[in-house]
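Trainee: I am sharing model.cif, which consists of mmCIF, C-alpha atoms:
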```cif
data_my_file
loop_
_atom_site.label_atom_id
_atom_site.label_comp_id
_atom_site.auth_asym_id
_atom_site.auth_seq_id
_atom_site.Cartn_x
_atom_site.Cartn_y
_atom_site.Cartn_z
CA MET A 142 34.15 3.71 -51.27
CA VAL A 143 35.18 6.77 -49.24
CA THR A 144 31.57 7.33 -48.23
CA ASP A 145 31.18 3.70 -47.12
CA LEU A 146 34.41 3.86 -45.13
CA ALA A 147 33.37 7.11 -43.47
CA THR A 148 30.00 5.64 -42.65
CA ARG A 149 31.56 2.56 -41.06
CA ARG A 150 33.97 4.70 -39.08
CA GLY A 151 31.14 6.90 -37.89
CA PHE A 152 29.10 3.87 -36.85
CA ILE A 153 32.03 2.38 -34.92
CA ALA A 154 32.69 5.74 -33.27
CA SER A 155 29.05 6.00 -32.19
CA LEU A 156 29.22 2.54 -30.67
CA LEU A 157 32.34 3.51 -28.71
CA VAL A 158 30.67 6.67 -27.44
CA THR A 159 27.56 4.73 -26.43
CA ALA A 160 29.66 2.15 -24.60
CA THR A 161 31.35 4.87 -22.53
CA LEU A 162 28.12 6.62 -21.52
CA PRO A 163 27.10 5.96 -17.91
CA ALA A 164 24.08 3.70 -17.55
CA MET A 165 20.86 5.40 -16.52
CA THR A 166 19.74 4.80 -12.94
CA TRP A 167 16.66 5.68 -10.93
CA ALA A 168 18.44 8.90 -9.93
CA ASP A 169 17.96 10.06 -13.52
CA ALA A 170 14.20 9.70 -13.00
CA GLY A 171 14.28 11.93 -9.92
CA SER A 172 15.07 9.17 -7.42
CA PRO A 173 11.48 8.09 -6.75
CA ALA A 174 10.95 5.74 -3.83
CA TYR A 175 7.54 4.52 -4.99
CA LEU A 176 5.38 4.04 -8.08
CA ALA A 177 1.61 4.42 -8.07
CA ALA A 178 -1.19 4.46 -10.63
CA ALA A 179 -3.77 7.23 -10.41
CA LYS A 180 -6.82 8.78 -12.03
CA GLU A 181 -6.40 12.44 -12.94
CA ARG A 182 -9.07 15.10 -12.52
CA ASP A 183 -9.76 15.17 -16.25
CA GLY A 184 -10.56 11.43 -16.21
CA THR A 185 -7.27 10.25 -17.72
CA PHE A 186 -4.89 7.84 -16.03
CA SER A 187 -1.20 8.06 -15.10
CA LEU A 188 1.74 6.27 -13.56
CA ILE A 189 3.38 8.49 -10.93
CA GLY A 190 6.77 8.47 -9.23
CA LEU A 191 6.81 9.61 -5.60
CA THR A 192 9.66 10.41 -3.22
CA ALA A 193 9.70 9.19 0.38
CA GLN A 194 8.36 12.64 1.31
CA GLY A 195 5.39 12.33 -1.04
CA ALA A 196 6.63 14.68 -3.78
CA GLN A 197 5.99 13.81 -7.42
CA THR A 198 9.04 13.03 -9.55
CA PHE A 199 7.27 12.20 -12.81
CA ALA A 200 3.79 11.58 -14.24
CA LEU A 201 3.45 9.35 -17.30
CA PRO A 202 0.14 8.88 -19.14
CA LEU A 203 -1.54 5.46 -19.33
CA PRO A 204 -4.11 4.49 -21.99
CA ALA A 205 -6.58 3.15 -19.41
CA ARG A 206 -6.89 2.54 -15.70
CA GLY A 207 -3.82 0.95 -14.17
CA HIS A 208 -3.63 -1.35 -11.20
CA ALA A 209 -0.10 -2.06 -10.04
CA GLY A 210 3.33 -1.96 -11.60
CA ALA A 211 6.74 -3.53 -11.39
CA ALA A 212 9.91 -1.49 -11.00
CA HIS A 213 13.13 -2.72 -12.61
CA PRO A 214 15.66 -3.42 -9.85
CA ILE A 215 18.49 -1.58 -11.64
CA LYS A 216 17.36 0.53 -14.59
CA PRO A 217 14.83 3.41 -14.40
CA GLU A 218 12.08 1.53 -16.19
CA ALA A 219 8.83 0.04 -15.05
CA VAL A 220 5.98 -2.06 -16.35
CA ALA A 221 2.49 -0.71 -15.73
CA PHE A 222 -0.32 -3.27 -15.79
CA ALA A 223 -3.91 -2.71 -16.79
CA ARG A 224 -6.54 -3.29 -14.15
CA ARG A 225 -7.90 -6.84 -14.30
CA PRO A 226 -9.12 -8.10 -16.75
CA GLY A 227 -6.91 -5.97 -18.97
CA THR A 228 -4.79 -7.39 -21.76
CA PHE A 229 -2.11 -4.68 -21.96
CA ALA A 230 1.04 -3.87 -20.05
CA LEU A 231 3.46 -1.08 -20.89
CA ALA A 232 7.22 -1.07 -20.42
CA ILE A 233 8.05 2.58 -19.74
CA ASP A 234 11.30 4.54 -19.68
CA CYS A 235 10.77 6.54 -16.49
CA VAL A 236 13.39 9.16 -17.45
CA SER A 237 12.01 10.16 -20.85
CA GLY A 238 8.44 8.98 -20.36
CA ARG A 239 8.73 6.97 -23.56
CA ILE A 240 6.75 3.76 -23.92
CA MET A 241 9.47 1.30 -24.88
CA HIS A 242 7.37 -1.78 -25.47
CA HIS A 243 3.74 -2.90 -25.47
CA LEU A 244 3.14 -6.29 -23.87
CA GLU A 245 -0.01 -8.15 -24.85
CA ALA A 246 -1.49 -11.09 -23.01
CA PRO A 247 -1.67 -14.22 -25.18
CA SER A 248 -4.93 -14.88 -26.98
CA GLY A 249 -7.58 -16.21 -24.60
CA ARG A 250 -5.90 -14.80 -21.48
CA HIS A 251 -5.75 -11.55 -19.54
CA PHE A 252 -3.29 -10.02 -17.13
CA SER A 253 -4.13 -9.82 -13.43
CA GLY A 254 -2.59 -6.43 -12.76
CA HIS A 255 0.69 -7.58 -11.21
CA GLY A 256 4.19 -8.68 -12.15
CA SER A 257 7.67 -9.08 -10.74
CA TYR A 258 11.23 -8.86 -12.05
CA SER A 259 14.03 -11.31 -11.41
CA ALA A 260 16.75 -10.03 -9.07
CA ASP A 261 19.02 -9.12 -11.99
CA GLY A 262 16.17 -7.52 -13.95
CA ARG A 263 16.65 -9.75 -16.98
CA ILE A 264 13.28 -11.50 -16.68
CA LEU A 265 9.78 -10.20 -16.01
CA PHE A 266 7.12 -12.54 -14.59
CA THR A 267 3.45 -11.69 -15.17
CA SER A 268 0.33 -13.15 -13.57
CA GLU A 269 -2.20 -14.26 -16.17
CA VAL A 270 -5.60 -15.97 -16.25
CA GLU A 271 -7.19 -18.15 -18.91
CA ASN A 272 -10.48 -16.47 -19.77
CA LYS A 273 -12.68 -19.58 -19.90
CA SER A 274 -11.31 -21.79 -17.15
CA GLY A 275 -9.71 -19.30 -14.78
CA ALA A 276 -6.55 -21.42 -14.76
CA GLY A 277 -3.51 -19.44 -13.70
CA LYS A 278 -0.33 -18.94 -15.69
CA ILE A 279 2.90 -17.09 -15.02
CA GLY A 280 4.20 -15.42 -18.17
CA VAL A 281 7.97 -15.19 -18.65
CA TRP A 282 9.46 -12.29 -20.64
CA ASN A 283 12.99 -11.30 -21.59
CA THR A 284 13.44 -7.65 -20.67
CA ASP A 285 15.99 -6.62 -23.32
CA HIS A 286 13.06 -6.08 -25.72
CA TYR A 287 10.25 -7.52 -23.55
CA THR A 288 9.83 -10.55 -25.74
CA ARG A 289 7.93 -13.55 -24.45
CA ARG A 290 9.90 -16.67 -23.51
CA GLY A 291 7.00 -18.85 -22.38
CA CYS A 292 4.88 -19.56 -19.33
CA PHE A 293 4.19 -22.06 -16.57
CA SER A 294 1.33 -22.89 -14.22
CA SER A 295 0.64 -20.59 -11.27
CA GLY A 296 -0.49 -23.60 -9.23
CA GLY A 297 -4.13 -22.59 -8.97
CA ILE A 298 -7.14 -20.63 -10.21
CA GLY A 299 -7.25 -16.86 -10.66
CA PRO A 300 -3.73 -15.76 -9.69
CA HIS A 301 -3.42 -12.14 -8.66
CA GLU A 302 -0.19 -10.84 -7.13
CA ILE A 303 3.14 -12.57 -7.67
CA LEU A 304 6.24 -11.68 -5.69
CA ARG A 305 9.90 -12.62 -5.93
CA LEU A 306 11.17 -13.45 -2.45
CA THR A 307 14.41 -12.05 -1.08
CA ASP A 308 16.30 -15.30 -1.75
CA GLY A 309 16.08 -14.34 -5.42
CA ALA A 310 15.13 -17.89 -6.42
CA THR A 311 11.49 -18.21 -5.31
CA LEU A 312 8.21 -16.79 -6.56
CA ALA A 313 5.23 -16.53 -4.22
CA VAL A 314 1.85 -16.54 -5.99
CA ALA A 315 -1.51 -15.50 -4.57
CA ASN A 316 -3.99 -17.79 -6.33
CA GLY A 317 -7.30 -16.14 -5.52
CA GLY A 318 -9.40 -19.17 -6.43
CA ILE A 319 -12.07 -17.25 -8.36
CA ILE A 320 -13.24 -17.88 -11.91
CA ALA A 321 -14.54 -14.52 -13.13
CA ALA A 322 -16.63 -13.78 -16.20
CA LEU A 323 -15.44 -11.02 -18.49
CA ASP A 324 -18.68 -9.04 -18.22
CA ASP A 325 -18.85 -5.50 -16.85
CA ASP A 326 -19.51 -6.77 -13.34
CA ARG A 327 -16.76 -9.41 -13.48
CA SER A 328 -19.32 -11.92 -12.22
CA LYS A 329 -17.84 -14.68 -10.04
CA LEU A 330 -18.76 -18.12 -11.31
CA ASN A 331 -17.44 -20.58 -8.71
CA ILE A 332 -18.01 -19.11 -5.27
CA ASP A 333 -19.22 -22.43 -3.86
CA THR A 334 -16.14 -24.32 -5.04
CA MET A 335 -13.41 -21.70 -4.53
CA ALA A 336 -10.03 -23.07 -3.51
CA PRO A 337 -7.49 -20.25 -3.00
CA ASN A 338 -3.90 -21.03 -2.15
CA LEU A 339 -0.48 -19.50 -1.64
CA THR A 340 1.98 -21.22 -3.98
CA TYR A 341 5.78 -21.16 -3.97
CA LEU A 342 7.54 -21.80 -7.29
CA THR A 343 11.08 -21.78 -8.60
CA LEU A 344 11.85 -19.23 -11.32
CA GLU A 345 11.53 -22.11 -13.78
CA GLY A 346 8.04 -22.98 -12.55
CA ALA A 347 8.73 -26.04 -10.37
CA LEU A 348 6.33 -26.37 -7.44
CA LEU A 349 8.07 -25.98 -4.08
CA GLU A 350 5.16 -25.76 -1.64
CA GLN A 351 1.49 -24.81 -1.38
CA MET A 352 -0.48 -23.44 1.55
CA SER A 353 -4.27 -23.79 1.50
CA LEU A 354 -6.65 -22.23 3.99
CA PRO A 355 -8.81 -24.28 6.35
CA LYS A 356 -11.92 -25.65 4.63
CA ALA A 357 -14.21 -23.21 6.44
CA LEU A 358 -12.30 -20.33 4.85
CA HIS A 359 -12.24 -21.62 1.26
CA GLN A 360 -14.20 -18.52 0.16
CA ASN A 361 -11.48 -16.20 1.45
CA SER A 362 -9.71 -15.12 -1.74
CA ILE A 363 -5.96 -14.62 -1.29
CA ARG A 364 -5.17 -11.49 -3.31
CA HIS A 365 -2.06 -9.53 -2.33
CA LEU A 366 1.36 -10.31 -0.89
CA ALA A 367 4.28 -8.84 1.01
CA ALA A 368 7.54 -10.50 1.98
CA ALA A 369 9.93 -10.04 4.89
CA PRO A 370 13.70 -10.57 4.55
CA ASP A 371 13.49 -13.90 6.42
CA GLY A 372 11.11 -15.34 3.80
CA THR A 373 7.88 -14.83 5.74
CA VAL A 374 5.03 -14.00 3.36
CA ALA A 375 2.07 -11.91 4.49
CA PHE A 376 -1.14 -12.15 2.48
CA ALA A 377 -4.30 -10.08 2.30
CA MET A 378 -7.72 -11.65 1.67
CA GLN A 379 -11.18 -10.70 0.44
CA TRP A 380 -14.18 -12.68 1.68
CA GLU A 381 -16.64 -13.94 -0.95
CA GLY A 382 -18.90 -15.93 1.39
CA ASP A 383 -21.82 -15.09 3.67
CA PRO A 384 -21.40 -11.43 4.70
CA VAL A 385 -22.53 -12.30 8.22
CA VAL A 386 -19.28 -14.23 8.67
CA LEU A 387 -16.29 -12.09 9.73
CA PRO A 388 -13.17 -14.08 8.74
CA PRO A 389 -9.52 -13.12 9.15
CA LEU A 390 -8.32 -10.82 6.37
CA MET A 391 -4.57 -11.19 6.91
CA GLY A 392 -2.29 -14.18 7.29
CA LEU A 393 1.41 -14.98 7.70
CA HIS A 394 3.19 -17.99 6.30
CA LYS A 395 6.76 -19.23 6.04
CA ARG A 396 7.68 -22.30 4.05
CA GLY A 397 7.66 -25.45 6.14
CA ASN A 398 5.50 -23.88 8.87
CA ALA A 399 1.82 -23.64 9.70
CA VAL A 400 -0.13 -20.58 8.65
CA THR A 401 -0.96 -17.85 11.19
CA LEU A 402 -4.22 -15.94 10.71
CA ALA A 403 -5.06 -12.55 12.19
CA ALA A 404 -8.37 -13.19 13.90
CA LEU A 405 -10.18 -10.16 15.32
CA PRO A 406 -13.14 -9.85 17.71
CA ASP A 407 -16.37 -9.30 15.77
CA HIS A 408 -16.80 -5.72 16.97
CA LEU A 409 -13.42 -4.83 15.46
CA ALA A 410 -13.65 -7.01 12.35
CA PHE A 411 -17.07 -5.62 11.40
CA GLY A 412 -15.69 -2.24 10.33
CA LEU A 413 -13.26 -3.78 7.83
CA ARG A 414 -16.14 -4.83 5.55
CA ASN A 415 -14.55 -8.24 4.80
CA TYR A 416 -12.17 -6.65 2.31
CA ALA A 417 -8.40 -6.12 2.54
CA ALA A 418 -6.73 -4.42 -0.42
CA SER A 419 -2.99 -3.81 0.01
CA ILE A 420 -0.49 -5.33 2.44
CA ALA A 421 3.05 -4.45 3.55
CA PHE A 422 5.64 -4.99 6.24
CA ASP A 423 7.02 -1.88 7.92
CA GLY A 424 10.60 -0.75 7.36
CA GLN A 425 11.91 -2.84 10.25
CA GLY A 426 9.91 -5.92 9.32
CA ALA A 427 8.40 -5.92 12.82
CA ARG A 428 4.79 -5.19 11.90
CA VAL A 429 2.53 -5.92 8.96
CA ALA A 430 -0.42 -3.80 7.80
CA ILE A 431 -3.46 -4.14 5.57
CA THR A 432 -5.61 -1.39 4.12
CA CYS A 433 -9.38 -1.77 4.00
CA PRO A 434 -10.72 1.00 1.71
CA LYS A 435 -14.35 -0.13 1.95
CA GLY A 436 -14.14 0.24 5.71
CA GLY A 437 -11.86 3.28 5.66
CA ARG A 438 -9.22 1.71 7.90
CA LEU A 439 -5.59 0.69 8.05
CA VAL A 440 -4.79 -2.06 10.56
CA HIS A 441 -1.33 -3.24 11.50
CA PHE A 442 -0.30 -6.27 13.53
CA ASP A 443 2.83 -7.71 15.11
CA ARG A 444 4.64 -10.67 13.56
CA ASN A 445 2.37 -13.06 15.47
CA ALA A 446 -0.71 -11.48 13.80
CA ARG A 447 -1.69 -9.98 17.16
CA ASP A 448 -1.73 -6.55 18.80
CA PRO A 449 -3.88 -4.85 16.13
CA ILE A 450 -3.68 -1.07 15.86
CA PHE A 451 -6.46 0.64 13.90
CA ILE A 452 -6.16 3.91 11.99
CA GLU A 453 -9.18 5.48 10.28
CA ARG A 454 -8.88 7.16 6.89
CA ARG A 455 -11.49 7.38 4.16
CA ASP A 456 -10.70 5.31 1.03
CA ILE A 457 -7.19 4.42 2.20
CA CYS A 458 -5.71 1.81 -0.10
CA GLY A 459 -2.13 2.10 -1.44
CA LEU A 460 0.42 0.73 1.03
CA SER A 461 4.15 0.08 1.22
CA SER A 462 6.98 0.06 3.73
CA ALA A 463 8.64 3.25 4.97
CA GLN A 464 11.84 3.70 6.93
CA HIS A 465 9.68 4.13 9.99
CA GLY A 466 6.23 2.58 9.72
CA PHE A 467 4.23 2.60 6.49
CA PHE A 468 3.78 4.80 3.41
CA THR A 469 0.19 4.99 2.20
CA THR A 470 -2.14 6.75 -0.24
CA ASP A 471 -5.89 7.29 -0.53
CA GLY A 472 -8.49 7.92 -3.19
CA LEU A 473 -8.66 11.61 -2.28
CA GLY A 474 -5.09 12.40 -3.35
CA GLY A 475 -3.50 12.08 0.06
CA VAL A 476 0.00 10.72 0.65
CA LEU A 477 0.61 9.80 4.27
CA ARG A 478 2.91 8.03 6.72
CA ALA A 479 1.47 5.67 9.35
CA GLN A 480 3.43 4.83 12.49
CA GLY A 481 1.96 3.42 15.66
CA SER A 482 -1.52 4.92 15.94
CA ASP A 483 -0.55 8.12 14.11
CA LEU A 484 -1.28 9.02 10.50
CA SER A 485 0.80 11.98 9.28
CA PRO A 486 -0.04 13.76 6.00
CA LEU A 487 2.96 14.21 3.71
CA ALA A 488 1.37 15.67 0.57
CA ALA A 489 -1.92 16.18 -1.25
CA HIS A 490 -2.19 15.72 -5.00
CA PRO A 491 -5.04 16.60 -7.39
CA ARG A 492 -5.74 13.00 -8.34
CA ALA A 493 -7.29 9.77 -7.00
CA TRP A 494 -4.64 7.20 -6.15
CA ASP A 495 -5.37 3.67 -7.24
CA ASN A 496 -5.01 0.44 -5.29
CA HIS A 497 -1.28 -0.05 -4.84
CA LEU A 498 2.13 1.43 -4.12
CA ILE A 499 5.23 -0.23 -5.54
CA ARG A 500 8.49 0.25 -3.61
CA ILE A 501 11.53 0.84 -5.78
#
```
Could you write out this file's structure as structure tokens?

Mentor:
Amino acid sequence: MVTDLATRRGFIASLLVTATLPAMTWADAGSPAYLAAAKERDGTFSLIGLTAQGAQTFALPLPARGHAGAAHPIKPEAVAFARRPGTFALAIDCVSGRIMHHLEAPSGRHFSGHGSYSADGRILFTSEVENKSGAGKIGVWNTDHYTRRGCFSSGGIGPHEILRLTDGATLAVANGGIIAALDDDRSKLNIDTMAPNLTYLTLEGALLEQMSLPKALHQNSIRHLAAAPDGTVAFAMQWEGDPVVLPPLMGLHKRGNAVTLAALPDHLAFGLRNYAASIAFDGQGARVAITCPKGGRLVHFDRNARDPIFIERRDICGLSSAQHGFFTTDGLGGVLRAQGSDLSPLAAHPRAWDNHLIRI
């Protein structure tokens, strides 16, 4: 009896102590400003925290190549997603480096490398693809233990990036329009009938609006997204049609308005190799940039998708906003800041940065 009483008292005391402990914040993880996946020199893979000056705050091992991640808006935890067509995602404590939870895509589906938290951090949304049909789903997960609540339609085929807009109540989804086989080459099965779109959904999955490209651009796969505070969504595209055609690779859209596409003269568009990877607004929201790693260029435009400024950098890919201009990474380990026509090195790391930078 005494032992049981002492045990109960000890348990209650531990609960009281736990309740009075301050909650962990991103400061406890070294105050990173960005997250990025990378390949290390020994061939392993990691999720890295970076400061706004390019310094590393932590490096956490991943079981395979990562693509992008999602940073919790309050707590120092993140979800790292496998590169498409991976079926794993890891919820990671960025202070201890502990893997808190393993998320698995439902049977017959795979993740698309991207996800987004709700504004309060209680829900995680994941982009998912049905293996056979390519139909898109948005998975919904409780984040207390990363348990699955359900899913709803993405509004199209082959969703890639999903983004919660600044109103806190809207998801933007880049439905790439491609049905891909699960072979080593990820063979594309429906190039002739592609139908990409940009879809706006409520957090419960209700369709709010869809934007489709002009028919002549139906082979321009919408892949990645960025959002401005006023609700304008910028999207990056990858052309799957005739390589002789040089289509726009960046567009801007705001709900209720027509789409604006960033057309370039052929002599400028040619060097981009019909492939835009990452996209971001600058810190002031005045300009929007895309990276084109196949062409070794970063290009940024004004909010009318005009006034292009080109910056050359081999294998430049990761991109996010900075206080002034853009924060970017490359496959050679470089961390850089782009502003105007200048590209300023911040740091060099002994690793190859992967496709994306996630702003915390």

Trainee: For A:Phe199, find every residue with an atom within 8 Å (counting only C-alpha atoms), except residues of its own chain fewer than 3 positions away, and show them as JSON, numbers by chain.

Mentor: {"A": [170, 171, 189, 190, 191, 235]}

Trainee: Run through the PyMOL selection byres ((chain A and resi 182) around 12) on the given coordinates and return the selected residues as a ChimeraX atom specification.

Mentor: /A:179-181,183-187,472-474,490-494

Trainee: For stretch 148-231 of chain A against stretch 313-337 of chain A, with a cut-off of 10 Å and counting only C-alpha atoms, what is the closest atom pair and its distance in Å to one decimal for every residue that makes the cut, ordered by chain and number, as a Markdown table?

Mentor:
```
| residue | atom | partner | partner_atom | distance |
| --- | --- | --- | --- | --- |
| A:Arg225 | CA | A:Arg327 | CA | 9.3 |
| A:Pro226 | CA | A:Leu323 | CA | 7.2 |
| A:Gly227 | CA | A:Leu323 | CA | 9.9 |
```

Trainee: Those selected residues, please, written with C-alpha atoms and delivered as a short mmCIF file (atom, residue, chain, number, x, y, z; two decimals), in the frame of the given file.

Mentor:
```cif
data_model
loop_
_atom_site.label_atom_id
_atom_site.label_comp_id
_atom_site.auth_asym_id
_atom_site.auth_seq_id
_atom_site.Cartn_x
_atom_site.Cartn_y
_atom_site.Cartn_z
CA ARG A 225 -7.90 -6.84 -14.30
CA PRO A 226 -9.12 -8.10 -16.75
CA GLY A 227 -6.91 -5.97 -18.97
#
```

Trainee: Restricting the calculation to all atoms listed in the file: of A:Tyr258, A:Phe411, A:Tyr416, A:Trp282, which residue gets closest to A:His365?

Mentor: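 Of A:Tyr258, A:Phe411, A:Tyr416, A:Trp282, the one nearest A:His365, counting all atoms listed in the file, is A:Tyr416.
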
Trainee: Might you spell out which residues the PyMOL selection byres ((chain A and resi 291) around 8) would select in the displayed file, as a PyMOL selection string?

Mentor: chain A and resi 280-282+289-290+292-293

Trainee: Determine the nearest neighbour of A:Lys356 from the options A:Asn338, A:Tyr287, A:Leu487, A:Gly277, counting only C-alpha atoms.

Mentor: A:Asn338

Trainee: Quick check, in Å to one decimal: how far apart do atom CA of A:Gln351 and atom CA of A:Leu312 lie?

Mentor: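 Atom CA of A:Leu312 lies at a distance of 11.7 Å from atom CA of A:Gln351.
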
Trainee: With the PyMOL selection byres ((chain A and resi 343) around 12) as the selection, what would be picked from this file? Answer as a ChimeraX atom specification, please.

Mentor: /A:259,266,279,293-296,304-306,308-314,340-342,344-350

Trainee: Please work out which residues fall within 9 Å of (-2.5, -2.5, 14.5), coordinates as given in the file, with all atoms listed in the file counting, and return them as a list in words.

Mentor: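 Taken together, the residues in range are Arg428, Val429, Ala430, Leu439, Val440, His441, Phe442, Asp443, Arg447, Asp448, Pro449, Ile450, Phe451, Ile452, Gly481 and Ser482 of chain A.
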
Trainee: Determine, counting only C-alpha atoms, which protein, DNA and RNA residues have an atom within 8 Å of an atom of A:Pro389; residues of the same chain fewer than 4 positions away are not included. Present the result as a PyMOL selection string.

Mentor: chain A and resi 378+402-405

Trainee: Separation of atom CA of A:Trp167 and atom CA of A:Ala209, in Å?

Mentor: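 Pair atom CA of A:Trp167 / atom CA of A:Ala209 returns 18.5 Å.
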
Trainee: Please determine, counting all atoms listed in the file, which residue among A:Met391, A:Ala211, A:Ile499, A:Ala377 has the shortest atom-to-atom distance to A:Thr192.

Mentor: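 So, comparing all the options, the nearest one is A:Ile499.
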
Trainee: Counting only C-alpha atoms, which residues come within 12 Å of (0.3, 3.5, -6.8), with the point read in the file's coordinates, and could you list them as a short mmCIF file (atom, residue, chain, number, x, y, z; two decimals) with C-alpha atoms, in the coordinates of the input?

Mentor:
```cif
data_model
loop_
_atom_site.label_atom_id
_atom_site.label_comp_id
_atom_site.auth_asym_id
_atom_site.auth_seq_id
_atom_site.Cartn_x
_atom_site.Cartn_y
_atom_site.Cartn_z
CA ALA A 174 10.95 5.74 -3.83
CA TYR A 175 7.54 4.52 -4.99
CA LEU A 176 5.38 4.04 -8.08
CA ALA A 177 1.61 4.42 -8.07
CA ALA A 178 -1.19 4.46 -10.63
CA ALA A 179 -3.77 7.23 -10.41
CA LYS A 180 -6.82 8.78 -12.03
CA PHE A 186 -4.89 7.84 -16.03
CA SER A 187 -1.20 8.06 -15.10
CA LEU A 188 1.74 6.27 -13.56
CA ILE A 189 3.38 8.49 -10.93
CA GLY A 190 6.77 8.47 -9.23
CA LEU A 191 6.81 9.61 -5.60
CA GLY A 195 5.39 12.33 -1.04
CA GLN A 197 5.99 13.81 -7.42
CA ALA A 200 3.79 11.58 -14.24
CA ARG A 206 -6.89 2.54 -15.70
CA GLY A 207 -3.82 0.95 -14.17
CA HIS A 208 -3.63 -1.35 -11.20
CA ALA A 209 -0.10 -2.06 -10.04
CA GLY A 210 3.33 -1.96 -11.60
CA ALA A 211 6.74 -3.53 -11.39
CA ALA A 212 9.91 -1.49 -11.00
CA ALA A 221 2.49 -0.71 -15.73
CA PHE A 222 -0.32 -3.27 -15.79
CA GLY A 254 -2.59 -6.43 -12.76
CA HIS A 255 0.69 -7.58 -11.21
CA SER A 419 -2.99 -3.81 0.01
CA ILE A 457 -7.19 4.42 2.20
CA CYS A 458 -5.71 1.81 -0.10
CA GLY A 459 -2.13 2.10 -1.44
CA LEU A 460 0.42 0.73 1.03
CA SER A 461 4.15 0.08 1.22
CA PHE A 468 3.78 4.80 3.41
CA THR A 469 0.19 4.99 2.20
CA THR A 470 -2.14 6.75 -0.24
CA ASP A 471 -5.89 7.29 -0.53
CA GLY A 472 -8.49 7.92 -3.19
CA GLY A 474 -5.09 12.40 -3.35
CA GLY A 475 -3.50 12.08 0.06
CA VAL A 476 0.00 10.72 0.65
CA ARG A 492 -5.74 13.00 -8.34
CA ALA A 493 -7.29 9.77 -7.00
CA TRP A 494 -4.64 7.20 -6.15
CA ASP A 495 -5.37 3.67 -7.24
CA ASN A 496 -5.01 0.44 -5.29
CA HIS A 497 -1.28 -0.05 -4.84
CA LEU A 498 2.13 1.43 -4.12
CA ILE A 499 5.23 -0.23 -5.54
CA ARG A 500 8.49 0.25 -3.61
CA ILE A 501 11.53 0.84 -5.78
#
```

Trainee: Mind pulling up the distance from atom CA of A:Glu269 to atom CA of A:His251?

Mentor: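 A separation of 5.6 Å between them.
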
Trainee: My list of candidates is A:Ala260, A:Ala417, A:Ile431, A:Leu265. Which is closest to A:Val220 when distances are computed with only C-alpha atoms?

Mentor: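 Between A:Ala260, A:Ala417, A:Ile431, A:Leu265, the residue approaching A:Val220 most closely is A:Leu265.
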
Trainee: Using only C-alpha atoms, pick whichever of A:Ala375, A:Ala367, A:Ala196, A:Thr401 has the shortest atom-to-atom distance to A:Pro355.

Mentor: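 Checking each of A:Ala375, A:Ala367, A:Ala196, A:Thr401 against A:Pro355, counting only C-alpha atoms, the winner is A:Thr401.
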